[in-house]
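K.L.:
To be precise about what I am sending: the file is called model-v2.txt and holds compact mmCIF, C-alpha atoms.
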```txt
# COMPACT_ATOMS: atom_id res chain seq x y z
CA MET I 1 9.78 88.96 -14.40
CA ASN I 2 8.98 89.90 -10.82
CA VAL I 3 11.62 91.97 -9.02
CA HIS I 4 11.72 91.77 -5.22
CA ALA I 5 13.86 93.57 -2.69
CA VAL I 6 15.28 91.12 -0.17
CA ALA I 7 13.76 91.79 3.24
CA GLY I 8 16.79 90.65 5.21
CA LEU I 9 19.16 87.87 6.07
CA ASP I 10 16.35 85.51 7.07
CA ASP I 11 14.07 86.21 4.10
CA PRO I 12 12.62 82.71 3.44
CA ARG I 13 12.34 83.38 -0.30
CA VAL I 14 16.13 83.23 -0.69
CA ALA I 15 16.81 80.45 1.81
CA VAL I 16 17.45 78.05 -1.10
CA TYR I 17 20.69 79.90 -1.83
CA ARG I 18 21.96 78.68 1.53
CA SER I 19 20.50 75.17 1.51
CA LEU I 20 21.82 74.29 -1.94
CA ARG I 21 25.37 74.59 -0.67
CA ARG I 22 24.92 71.00 0.47
CA VAL I 23 25.41 68.19 -2.05
CA ALA I 24 22.61 66.19 -0.40
CA ALA I 25 20.14 68.98 -1.17
CA LEU I 26 21.31 69.12 -4.79
CA ARG I 27 20.79 65.40 -5.24
CA ARG I 28 17.41 65.46 -3.51
CA ASP I 29 15.92 68.49 -5.26
CA ARG I 30 17.87 68.29 -8.56
CA CYS I 31 18.35 72.03 -8.41
CA PHE I 32 21.64 73.89 -8.36
CA VAL I 33 23.08 77.37 -7.87
CA ALA I 34 24.88 79.10 -10.72
CA GLU I 35 27.31 81.75 -9.53
CA GLY I 36 29.15 84.54 -11.31
CA ALA I 37 28.14 86.84 -14.14
CA ARG I 38 29.50 84.67 -16.97
CA VAL I 39 28.00 81.49 -15.57
CA VAL I 40 24.61 83.14 -15.00
CA THR I 41 24.78 84.51 -18.55
CA GLN I 42 25.39 80.99 -19.90
CA LEU I 43 22.47 79.74 -17.82
CA LEU I 44 20.09 82.42 -19.08
CA GLU I 45 21.09 81.58 -22.66
CA SER I 46 20.48 77.85 -22.09
CA PRO I 47 17.24 75.85 -22.30
CA LEU I 48 17.42 74.89 -18.61
CA THR I 49 14.57 75.93 -16.34
CA VAL I 50 15.52 78.89 -14.13
CA ARG I 51 13.67 79.18 -10.83
CA SER I 52 14.99 82.49 -9.49
CA LEU I 53 17.89 84.90 -9.44
CA LEU I 54 19.66 86.73 -6.61
CA LEU I 55 21.45 89.81 -7.86
CA GLU I 56 23.12 93.03 -6.93
CA PRO I 57 21.08 95.91 -8.44
CA ARG I 58 23.69 96.61 -11.16
CA TRP I 59 23.00 93.24 -12.80
CA LEU I 60 19.32 93.98 -13.42
CA GLU I 61 20.21 96.24 -16.33
CA ALA I 62 23.06 94.03 -17.54
CA PHE I 63 20.77 90.97 -17.75
CA ASP I 64 17.69 92.84 -18.93
CA ALA I 65 17.60 91.46 -22.50
CA LEU I 66 18.39 87.90 -21.38
CA LEU I 67 15.71 88.02 -18.68
CA ALA I 68 13.15 89.40 -21.11
CA ALA I 69 13.81 86.46 -23.46
CA ARG I 70 13.33 83.78 -20.80
CA PRO I 71 10.29 81.48 -21.26
CA GLU I 72 9.43 81.24 -17.56
CA GLU I 73 6.38 83.30 -16.60
CA GLY I 74 6.77 85.51 -13.57
CA LEU I 75 10.44 84.69 -12.99
CA ASP I 76 11.42 85.91 -9.52
CA VAL I 77 14.48 88.14 -9.32
CA TYR I 78 15.62 89.03 -5.80
CA VAL I 79 17.77 92.11 -5.38
CA ALA I 80 20.18 92.67 -2.51
CA SER I 81 23.33 94.64 -1.81
CA LYS I 82 26.59 92.73 -2.05
CA SER I 83 26.98 92.67 1.72
CA GLN I 84 23.42 91.35 2.13
CA LEU I 85 24.00 88.75 -0.55
CA GLU I 86 27.17 87.50 1.14
CA ARG I 87 25.43 87.23 4.49
CA ILE I 88 22.62 85.25 2.86
CA VAL I 89 24.86 82.70 1.15
CA GLY I 90 27.47 82.59 3.91
CA TYR I 91 30.68 83.38 2.03
CA HIS I 92 32.39 85.98 -0.14
CA VAL I 93 30.74 86.39 -3.54
CA HIS I 94 32.95 87.84 -6.25
CA GLN I 95 30.43 89.28 -8.69
CA GLY I 96 27.07 89.46 -6.95
CA ALA I 97 25.11 87.39 -9.49
CA MET I 98 23.50 84.04 -8.70
CA ALA I 99 20.61 81.93 -9.93
CA VAL I 100 18.82 78.72 -9.02
CA ALA I 101 17.93 76.36 -11.86
CA GLU I 102 16.80 72.79 -12.41
CA ALA I 103 19.48 70.24 -13.25
CA PRO I 104 18.58 68.65 -16.60
CA GLU I 105 17.90 64.98 -17.21
CA PRO I 106 20.23 63.57 -19.88
CA PRO I 107 18.91 62.00 -23.08
CA ASP I 108 19.11 58.26 -23.63
CA LEU I 109 22.79 57.30 -23.65
CA GLY I 110 22.52 54.59 -26.27
CA ALA I 111 20.50 56.76 -28.62
CA THR I 112 23.01 59.58 -28.19
CA ALA I 113 25.92 57.30 -28.99
CA ARG I 114 24.22 55.81 -32.06
CA GLY I 115 22.95 59.18 -33.29
CA ASP I 116 26.42 60.59 -33.93
CA ALA I 117 28.86 59.16 -36.47
CA GLU I 118 31.84 59.86 -34.20
CA PRO I 119 30.71 60.60 -30.66
CA LEU I 120 33.36 61.52 -28.10
CA PHE I 121 32.56 60.70 -24.48
CA VAL I 122 34.52 61.08 -21.26
CA SER I 123 33.99 58.97 -18.15
CA LEU I 124 35.16 59.92 -14.66
CA SER I 125 35.66 57.39 -11.87
CA GLY I 126 36.42 58.63 -8.37
CA VAL I 127 37.20 62.23 -9.41
CA SER I 128 35.95 63.94 -6.26
CA ASN I 129 37.49 67.40 -6.68
CA ALA I 130 34.89 69.90 -7.92
CA GLU I 131 37.44 72.06 -9.72
CA ASN I 132 38.80 69.08 -11.65
CA VAL I 133 35.29 68.08 -12.75
CA GLY I 134 34.45 71.64 -13.76
CA GLY I 135 37.73 72.03 -15.64
CA ILE I 136 37.19 68.79 -17.53
CA LEU I 137 33.70 69.90 -18.57
CA ARG I 138 35.09 73.21 -19.79
CA THR I 139 37.68 71.36 -21.87
CA MET I 140 35.01 69.03 -23.24
CA ALA I 141 32.94 72.01 -24.38
CA GLY I 142 35.98 73.53 -26.08
CA PHE I 143 36.69 70.34 -28.02
CA GLY I 144 33.07 69.52 -28.85
CA ALA I 145 32.77 66.37 -26.74
CA THR I 146 29.42 64.58 -26.76
CA GLY I 147 28.83 63.86 -23.08
CA LEU I 148 30.18 62.95 -19.65
CA LEU I 149 29.67 59.76 -17.63
CA ILE I 150 30.32 59.88 -13.88
CA ASP I 151 30.29 57.25 -11.16
CA GLY I 152 28.95 57.66 -7.62
CA ALA I 153 32.34 58.70 -6.23
CA THR I 154 32.75 61.59 -8.68
CA CYS I 155 31.73 65.13 -7.74
CA ASP I 156 28.37 66.17 -9.17
CA PRO I 157 29.01 68.66 -12.02
CA PHE I 158 26.21 70.88 -10.69
CA VAL I 159 27.88 71.48 -7.35
CA ARG I 160 28.39 75.23 -7.18
CA ARG I 161 32.19 75.24 -7.52
CA ALA I 162 32.17 72.68 -10.35
CA ALA I 163 29.51 74.61 -12.29
CA ARG I 164 31.43 77.85 -11.80
CA VAL I 165 34.77 76.41 -12.94
CA SER I 166 33.06 74.82 -15.96
CA MET I 167 32.05 78.34 -17.05
CA GLY I 168 28.58 77.03 -17.81
CA ALA I 169 29.71 73.99 -19.83
CA ALA I 170 27.63 71.86 -17.44
CA PHE I 171 24.53 73.51 -18.96
CA ARG I 172 25.21 72.24 -22.47
CA ILE I 173 26.97 68.87 -22.05
CA PRO I 174 24.80 65.88 -21.05
CA VAL I 175 25.87 64.09 -17.87
CA TRP I 176 24.98 60.46 -17.18
CA ARG I 177 25.32 59.04 -13.65
CA CYS I 178 26.38 55.40 -13.72
CA ASP I 179 25.93 52.97 -10.84
CA ASP I 180 27.99 50.40 -12.76
CA MET I 181 30.58 52.24 -14.84
CA ALA I 182 32.29 49.08 -16.11
CA GLY I 183 28.95 47.61 -17.20
CA THR I 184 28.00 50.86 -18.93
CA LEU I 185 31.25 50.88 -20.89
CA ARG I 186 30.75 47.28 -21.94
CA ASP I 187 27.23 48.14 -23.13
CA LEU I 188 28.53 51.10 -25.15
CA ARG I 189 31.14 48.88 -26.80
CA ARG I 190 28.76 46.04 -27.56
CA ASP I 191 25.60 47.94 -28.50
CA CYS I 192 26.94 51.20 -29.95
CA GLY I 193 30.39 50.39 -31.31
CA VAL I 194 32.10 52.88 -28.99
CA ARG I 195 35.80 52.22 -28.51
CA CYS I 196 36.88 52.82 -24.88
CA VAL I 197 40.42 53.84 -23.96
CA ALA I 198 41.58 53.99 -20.35
CA ALA I 199 44.12 56.60 -19.25
CA HIS I 200 45.98 54.51 -16.73
CA VAL I 201 49.46 53.39 -15.71
CA ARG I 202 49.64 49.64 -16.19
CA ASP I 203 52.06 47.14 -17.76
CA ASP I 204 50.05 46.58 -20.95
CA ARG I 205 49.62 50.26 -21.79
CA VAL I 206 50.57 51.94 -25.07
CA ALA I 207 51.80 55.47 -25.64
CA LEU I 208 49.12 57.98 -26.64
CA ASP I 209 50.77 58.71 -29.98
CA ALA I 210 50.59 54.99 -30.84
CA ALA I 211 47.02 54.43 -29.61
CA ASP I 212 44.02 53.72 -31.83
CA LEU I 213 41.72 56.70 -31.29
CA SER I 214 39.57 56.27 -34.38
CA GLY I 215 35.81 56.11 -34.64
CA PRO I 216 33.26 56.50 -31.83
CA LEU I 217 35.33 56.92 -28.67
CA LEU I 218 35.20 57.17 -24.89
CA VAL I 219 38.15 58.35 -22.81
CA ALA I 220 38.09 56.93 -19.27
CA LEU I 221 39.76 59.01 -16.54
CA GLY I 222 40.23 58.16 -12.88
CA SER I 223 41.29 59.80 -9.65
CA GLU I 224 44.79 61.17 -9.26
CA ALA I 225 45.29 59.11 -6.10
CA ASP I 226 44.18 55.67 -7.30
CA GLY I 227 43.69 55.90 -11.05
CA LEU I 228 40.91 53.85 -12.62
CA PRO I 229 39.27 50.88 -10.88
CA ASP I 230 40.40 47.54 -12.25
CA ASP I 231 36.95 46.62 -13.55
CA VAL I 232 36.75 49.86 -15.55
CA VAL I 233 40.20 49.27 -17.05
CA ASP I 234 39.21 45.70 -17.94
CA ALA I 235 36.05 46.99 -19.65
CA CYS I 236 38.10 49.16 -22.02
CA ASP I 237 39.63 48.23 -25.37
CA GLN I 238 43.02 49.73 -24.68
CA VAL I 239 45.08 51.37 -21.93
CA VAL I 240 47.01 54.50 -22.93
CA GLU I 241 49.55 56.73 -21.26
CA ILE I 242 50.80 60.21 -22.06
CA PRO I 243 54.56 60.00 -22.73
CA MET I 244 56.47 62.09 -20.20
CA ALA I 245 60.04 62.74 -19.16
CA GLY I 246 61.81 59.85 -17.49
CA GLY I 247 61.03 59.41 -13.82
CA TRP I 248 57.77 61.38 -13.98
CA ALA I 249 54.29 59.91 -14.37
CA CYS I 250 52.03 62.42 -12.67
CA LEU I 251 49.65 64.89 -14.30
CA ASN I 252 46.58 66.58 -12.93
CA VAL I 253 43.52 64.70 -14.20
CA GLY I 254 42.17 67.84 -15.84
CA THR I 255 45.45 68.39 -17.68
CA ALA I 256 45.61 64.75 -18.74
CA GLY I 257 42.03 64.91 -20.01
CA ALA I 258 42.79 68.02 -22.06
CA ILE I 259 45.82 66.38 -23.69
CA LEU I 260 43.89 63.22 -24.54
CA LEU I 261 40.92 65.10 -25.98
CA TRP I 262 43.15 67.38 -28.02
CA GLU I 263 44.92 64.38 -29.54
CA VAL I 264 41.57 62.86 -30.53
CA VAL I 265 40.31 66.12 -32.03
CA ARG I 266 43.64 66.83 -33.76
CA ARG I 267 43.48 63.50 -35.59
CA ARG I 268 39.85 64.03 -36.54
CA ARG I 269 40.57 67.50 -37.90
CA HIS I 270 43.32 66.16 -40.13
CA GLY I 271 41.54 62.96 -41.12
CA VAL I 272 44.13 60.85 -39.33
CA HIS I 273 43.15 57.40 -38.11
CA GLY I 274 45.05 55.04 -35.89
CA ASP I 275 48.54 55.79 -34.56
CA ARG I 276 49.75 59.05 -36.12
```
Can the structure in the file be given as structure tokens, please?

P.N.:
Amino acid sequence: MNVHAVAGLDDPRVAVYRSLRRVAALRRDRCFVAEGARVVTQLLESPLTVRSLLLEPRWLEAFDALLAARPEEGLDVYVASKSQLERIVGYHVHQGAMAVAEAPEPPDLGATARGDAEPLFVSLSGVSNAENVGGILRTMAGFGATGLLIDGATCDPFVRRAARVSMGAAFRIPVWRCDDMAGTLRDLRRDCGVRCVAAHVRDDRVALDAADLSGPLLVALGSEADGLPDDVVDACDQVVEIPMAGGWACLNVGTAGAILLWEVVRRRRHGVHGDR
């Protein structure tokens, strides 16, 4: 690796740490900023391509073994004091460890679905809050989910806050961006035998504990404000709800996703199929 002292606030070599705050830059360059010691650790342990790091001096020693094992030749590591680092990026930085990496391209969705006997996907429609997206990814990693599908109105999982909240789960879970979410779900059902269940409040819904969650599965989640679009609901096999106390039908989408995924995994662990 090549270690460089940052010359100052306007050092052009670290300008990317400012410009990648913007979602437009992320989508254009397909690069993202990982922030925080744990997230940077997850990144350095991943197969993603790392372009550079921006660190307080204390992290050079802490990351020494991970940096030495990286495949990139001549990886640039920029070192700055915490106050310098915060002036460069424009806001308070908790741990003084950041990195820029290339967002990965996902594998073929159909091949992924067919290559696993019981894949478990999640789709997000209109989930614009970065913390919700990051939290859902973190839950997916914990329960061994196969991959995430997002529509154009959902926050990119590689936005800095989403990647940080995911604790690096975004580096290991494939993410597919879908221009036509309903069409993609129909294709997964028809071509790959994936059963799609929509978490939605609608007249023809069934309680989660009575839902069929067997086999290859996708759980469709929508925004807290509007729920799932009608065409996405119509593309699913079944609509499910989480039973709650009378007069209450409101859960955070991240919480709802965790409950749904746990129920799927619980049944799989105990060899339960159908509505038990």

K.L.:
Hey, what's within 9 Å of Glu56 of chain I if we count all atoms listed in the file and toss same-chain stuff fewer than 6 positions away? As a list in words, please?

P.N.:
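Contacts, in chain order: Tyr78, Val79, Ala80, Ser81, Lys82, Leu85, Gln95, Gly96 and Ala97 of chain I.
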
K.L.:
I:Ala235, I:Thr49, I:Val77, I:Arg267: which is nearest Phe63 of chain I, counting all atoms listed in the file?

P.N.:
I:Val77

K.L.:
Could you tell me how far atom CA of Val240 of chain I sits from atom CA of Arg205 of chain I, in Å to one decimal place?

P.N.:
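Calculated distance between atom CA of Arg205 of chain I and atom CA of Val240 of chain I is 5.1 Å.
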
K.L.:
Would you list the contacts of segment 175-185 of chain I as a ChimeraX atom specification, taking every protein, DNA or RNA residue within 7 Å and counting only C-alpha atoms, but skipping same-chain residues closer than 3 positions in sequence?

P.N.:
/I:106,147-152,188-189,231-232,235

K.L.:
If we count all atoms listed in the file, what is near Gly142 of chain I at a cut-off of 12 Å, once residues fewer than 5 positions away on the same chain are taken out, given as a list in words?

P.N.:
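With the cut-off at 12 Å, the set is Gly135, Ile136, Leu137, Ser166, Met167, Gly168, Ala169, Arg172, Ile173, Ala258, Leu261, Trp262 and Val265 of chain I.
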
K.L.:
Between atom CA of Leu43 of chain I and atom CA of Asp10 of chain I, what is the distance, to one decimal in Å?

P.N.:
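Between atom CA of Leu43 of chain I and atom CA of Asp10 of chain I the gap works out to 26.3 Å.
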
K.L.:
Between atom CA of Arg164 of chain I and atom CA of Met140 of chain I, what is the spacing in Å?

P.N.:
14.9 Å

K.L.:
Nearest to Asp64 of chain I among I:Met1, I:Val100, I:Asp156, I:Ser83, with distances taken over only C-alpha atoms: which residue is it?

P.N.:
I:Met1

K.L.:
For the point (31.3, 66.8, -7.0) in the file's frame, write as a CSV table (one decimal) with C-alpha atoms, keeping the file's coordinate frame all residues with an atom no more than 7 Å away, counting all atoms listed in the file.

P.N.:
```csv
chain,number,residue,atom,x,y,z
I,128,SER,CA,36.0,63.9,-6.3
I,129,ASN,CA,37.5,67.4,-6.7
I,130,ALA,CA,34.9,69.9,-7.9
I,154,THR,CA,32.8,61.6,-8.7
I,155,CYS,CA,31.7,65.1,-7.7
I,156,ASP,CA,28.4,66.2,-9.2
I,157,PRO,CA,29.0,68.7,-12.0
I,159,VAL,CA,27.9,71.5,-7.4
I,162,ALA,CA,32.2,72.7,-10.4
```

K.L.:
Every residue with an atom at most 8 Å from (28.9, 63.8, -26.1) (file coordinates; all atoms listed in the file) is what I'm after, so could you write them as a list in words?

P.N.:
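I get Thr112, Ala113, Pro119, Leu120, Phe121, Val122, Gly144, Ala145, Thr146, Gly147, Leu148, Ile173 and Pro174 of chain I for the residues within 8 Å of that point.
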
K.L.:
Which of these, I:Leu221, I:Ala153, I:Ala199, I:Ala211, has the shortest distance to Ser123 of chain I once you count all atoms listed in the file?

P.N.:
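When distances to Ser123 of chain I are compared using all atoms listed in the file, the smallest one comes from I:Leu221.
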
K.L.:
Skipping near chain neighbours, those fewer than 3 positions away, what residues fall within 8 Å of Met98 of chain I using all atoms listed in the file, listed as a list in words?

P.N.:
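Contacts, in chain order: Val33, Ala34, Glu35, Gly36, Ala37, Val40, Leu53, Leu54 and Leu55 of chain I.
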
K.L.:
Using C-alpha atoms, can you export the residues from the last selection as a compact mmCIF listing (two decimals), in the coordinates of the input?

P.N.:
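Result written to result-v2.txt:
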```txt
# COMPACT_ATOMS: atom_id res chain seq x y z
CA VAL I 33 23.08 77.37 -7.87
CA ALA I 34 24.88 79.10 -10.72
CA GLU I 35 27.31 81.75 -9.53
CA GLY I 36 29.15 84.54 -11.31
CA ALA I 37 28.14 86.84 -14.14
CA VAL I 40 24.61 83.14 -15.00
CA LEU I 53 17.89 84.90 -9.44
CA LEU I 54 19.66 86.73 -6.61
CA LEU I 55 21.45 89.81 -7.86
```

K.L.:
Could you name the residues that touch Ala198 of chain I at 12 Å or less, counting only C-alpha atoms, but leaving out those on the same chain fewer than 2 positions away, as a short mmCIF file (atom, residue, chain, number, x, y, z; two decimals) with C-alpha atoms, in the frame of the given file?

P.N.:
```cif
data_model
loop_
_atom_site.label_atom_id
_atom_site.label_comp_id
_atom_site.auth_asym_id
_atom_site.auth_seq_id
_atom_site.Cartn_x
_atom_site.Cartn_y
_atom_site.Cartn_z
CA PHE I 121 32.56 60.70 -24.48
CA VAL I 122 34.52 61.08 -21.26
CA SER I 123 33.99 58.97 -18.15
CA LEU I 124 35.16 59.92 -14.66
CA SER I 125 35.66 57.39 -11.87
CA ALA I 182 32.29 49.08 -16.11
CA LEU I 185 31.25 50.88 -20.89
CA ARG I 195 35.80 52.22 -28.51
CA CYS I 196 36.88 52.82 -24.88
CA HIS I 200 45.98 54.51 -16.73
CA VAL I 201 49.46 53.39 -15.71
CA ARG I 202 49.64 49.64 -16.19
CA ASP I 204 50.05 46.58 -20.95
CA ARG I 205 49.62 50.26 -21.79
CA VAL I 206 50.57 51.94 -25.07
CA ALA I 207 51.80 55.47 -25.64
CA LEU I 208 49.12 57.98 -26.64
CA ALA I 211 47.02 54.43 -29.61
CA ASP I 212 44.02 53.72 -31.83
CA LEU I 213 41.72 56.70 -31.29
CA LEU I 217 35.33 56.92 -28.67
CA LEU I 218 35.20 57.17 -24.89
CA VAL I 219 38.15 58.35 -22.81
CA ALA I 220 38.09 56.93 -19.27
CA LEU I 221 39.76 59.01 -16.54
CA GLY I 222 40.23 58.16 -12.88
CA GLY I 227 43.69 55.90 -11.05
CA LEU I 228 40.91 53.85 -12.62
CA PRO I 229 39.27 50.88 -10.88
CA ASP I 230 40.40 47.54 -12.25
CA ASP I 231 36.95 46.62 -13.55
CA VAL I 232 36.75 49.86 -15.55
CA VAL I 233 40.20 49.27 -17.05
CA ASP I 234 39.21 45.70 -17.94
CA ALA I 235 36.05 46.99 -19.65
CA CYS I 236 38.10 49.16 -22.02
CA ASP I 237 39.63 48.23 -25.37
CA GLN I 238 43.02 49.73 -24.68
CA VAL I 239 45.08 51.37 -21.93
CA VAL I 240 47.01 54.50 -22.93
CA GLU I 241 49.55 56.73 -21.26
CA ILE I 242 50.80 60.21 -22.06
CA ALA I 256 45.61 64.75 -18.74
CA GLY I 257 42.03 64.91 -20.01
CA LEU I 260 43.89 63.22 -24.54
#
```

K.L.:
With all atoms listed in the file as the basis for distance, which of I:Gly254, I:Gly215, I:Pro12, I:Gly271 is at the shortest distance from Val133 of chain I?

P.N.:
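Residue with the minimum atom-to-atom distance to Val133 of chain I: I:Gly254.
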
K.L.:
Let me make sure I understand: among I:Asn2, I:Cys31, I:Glu118, I:Gly110, which one has the smallest atom-to-atom distance to Leu75 of chain I if we use only C-alpha atoms?

P.N.:
I:Asn2

K.L.:
Rebuild N, CA and C atoms on segment 120-138 of chain I, as a short mmCIF file (atom, residue, chain, number, x, y, z; two decimals), in the frame of the given file?

P.N.:
```cif
data_model
loop_
_atom_site.label_atom_id
_atom_site.label_comp_id
_atom_site.auth_asym_id
_atom_site.auth_seq_id
_atom_site.Cartn_x
_atom_site.Cartn_y
_atom_site.Cartn_z
N LEU I 120 32.17 61.48 -28.95
CA LEU I 120 33.36 61.52 -28.10
C LEU I 120 32.89 61.73 -26.66
N PHE I 121 32.97 60.66 -25.88
CA PHE I 121 32.56 60.70 -24.48
C PHE I 121 33.77 60.72 -23.56
N VAL I 122 33.54 61.18 -22.34
CA VAL I 122 34.52 61.08 -21.26
C VAL I 122 33.83 60.43 -20.08
N SER I 123 34.52 59.52 -19.40
CA SER I 123 33.99 58.97 -18.15
C SER I 123 34.95 59.32 -17.01
N LEU I 124 34.38 59.60 -15.86
CA LEU I 124 35.16 59.92 -14.66
C LEU I 124 34.81 58.93 -13.57
N SER I 125 35.84 58.33 -12.98
CA SER I 125 35.66 57.39 -11.87
C SER I 125 36.46 57.89 -10.67
N GLY I 126 35.75 58.22 -9.60
CA GLY I 126 36.42 58.63 -8.37
C GLY I 126 37.05 60.01 -8.41
N VAL I 127 36.64 60.87 -9.33
CA VAL I 127 37.20 62.23 -9.41
C VAL I 127 36.35 63.13 -8.50
N SER I 128 36.78 63.29 -7.27
CA SER I 128 35.95 63.94 -6.26
C SER I 128 36.14 65.44 -6.17
N ASN I 129 37.21 65.97 -6.78
CA ASN I 129 37.49 67.40 -6.68
C ASN I 129 36.60 68.18 -7.64
N ALA I 130 35.85 69.14 -7.10
CA ALA I 130 34.89 69.90 -7.92
C ALA I 130 35.58 70.70 -9.01
N GLU I 131 36.75 71.25 -8.72
CA GLU I 131 37.44 72.06 -9.72
C GLU I 131 37.94 71.19 -10.87
N ASN I 132 38.38 69.98 -10.58
CA ASN I 132 38.80 69.08 -11.65
C ASN I 132 37.62 68.74 -12.56
N VAL I 133 36.47 68.43 -11.95
CA VAL I 133 35.29 68.08 -12.75
C VAL I 133 34.86 69.28 -13.60
N GLY I 134 34.83 70.46 -12.99
CA GLY I 134 34.45 71.64 -13.76
C GLY I 134 35.42 71.94 -14.88
N GLY I 135 36.73 71.79 -14.61
CA GLY I 135 37.73 72.03 -15.64
C GLY I 135 37.63 71.05 -16.79
N ILE I 136 37.35 69.79 -16.48
CA ILE I 136 37.19 68.79 -17.53
C ILE I 136 35.98 69.11 -18.40
N LEU I 137 34.88 69.51 -17.80
CA LEU I 137 33.70 69.90 -18.57
C LEU I 137 34.00 71.09 -19.49
N ARG I 138 34.74 72.04 -18.98
CA ARG I 138 35.09 73.21 -19.79
C ARG I 138 35.93 72.80 -21.00
#
```
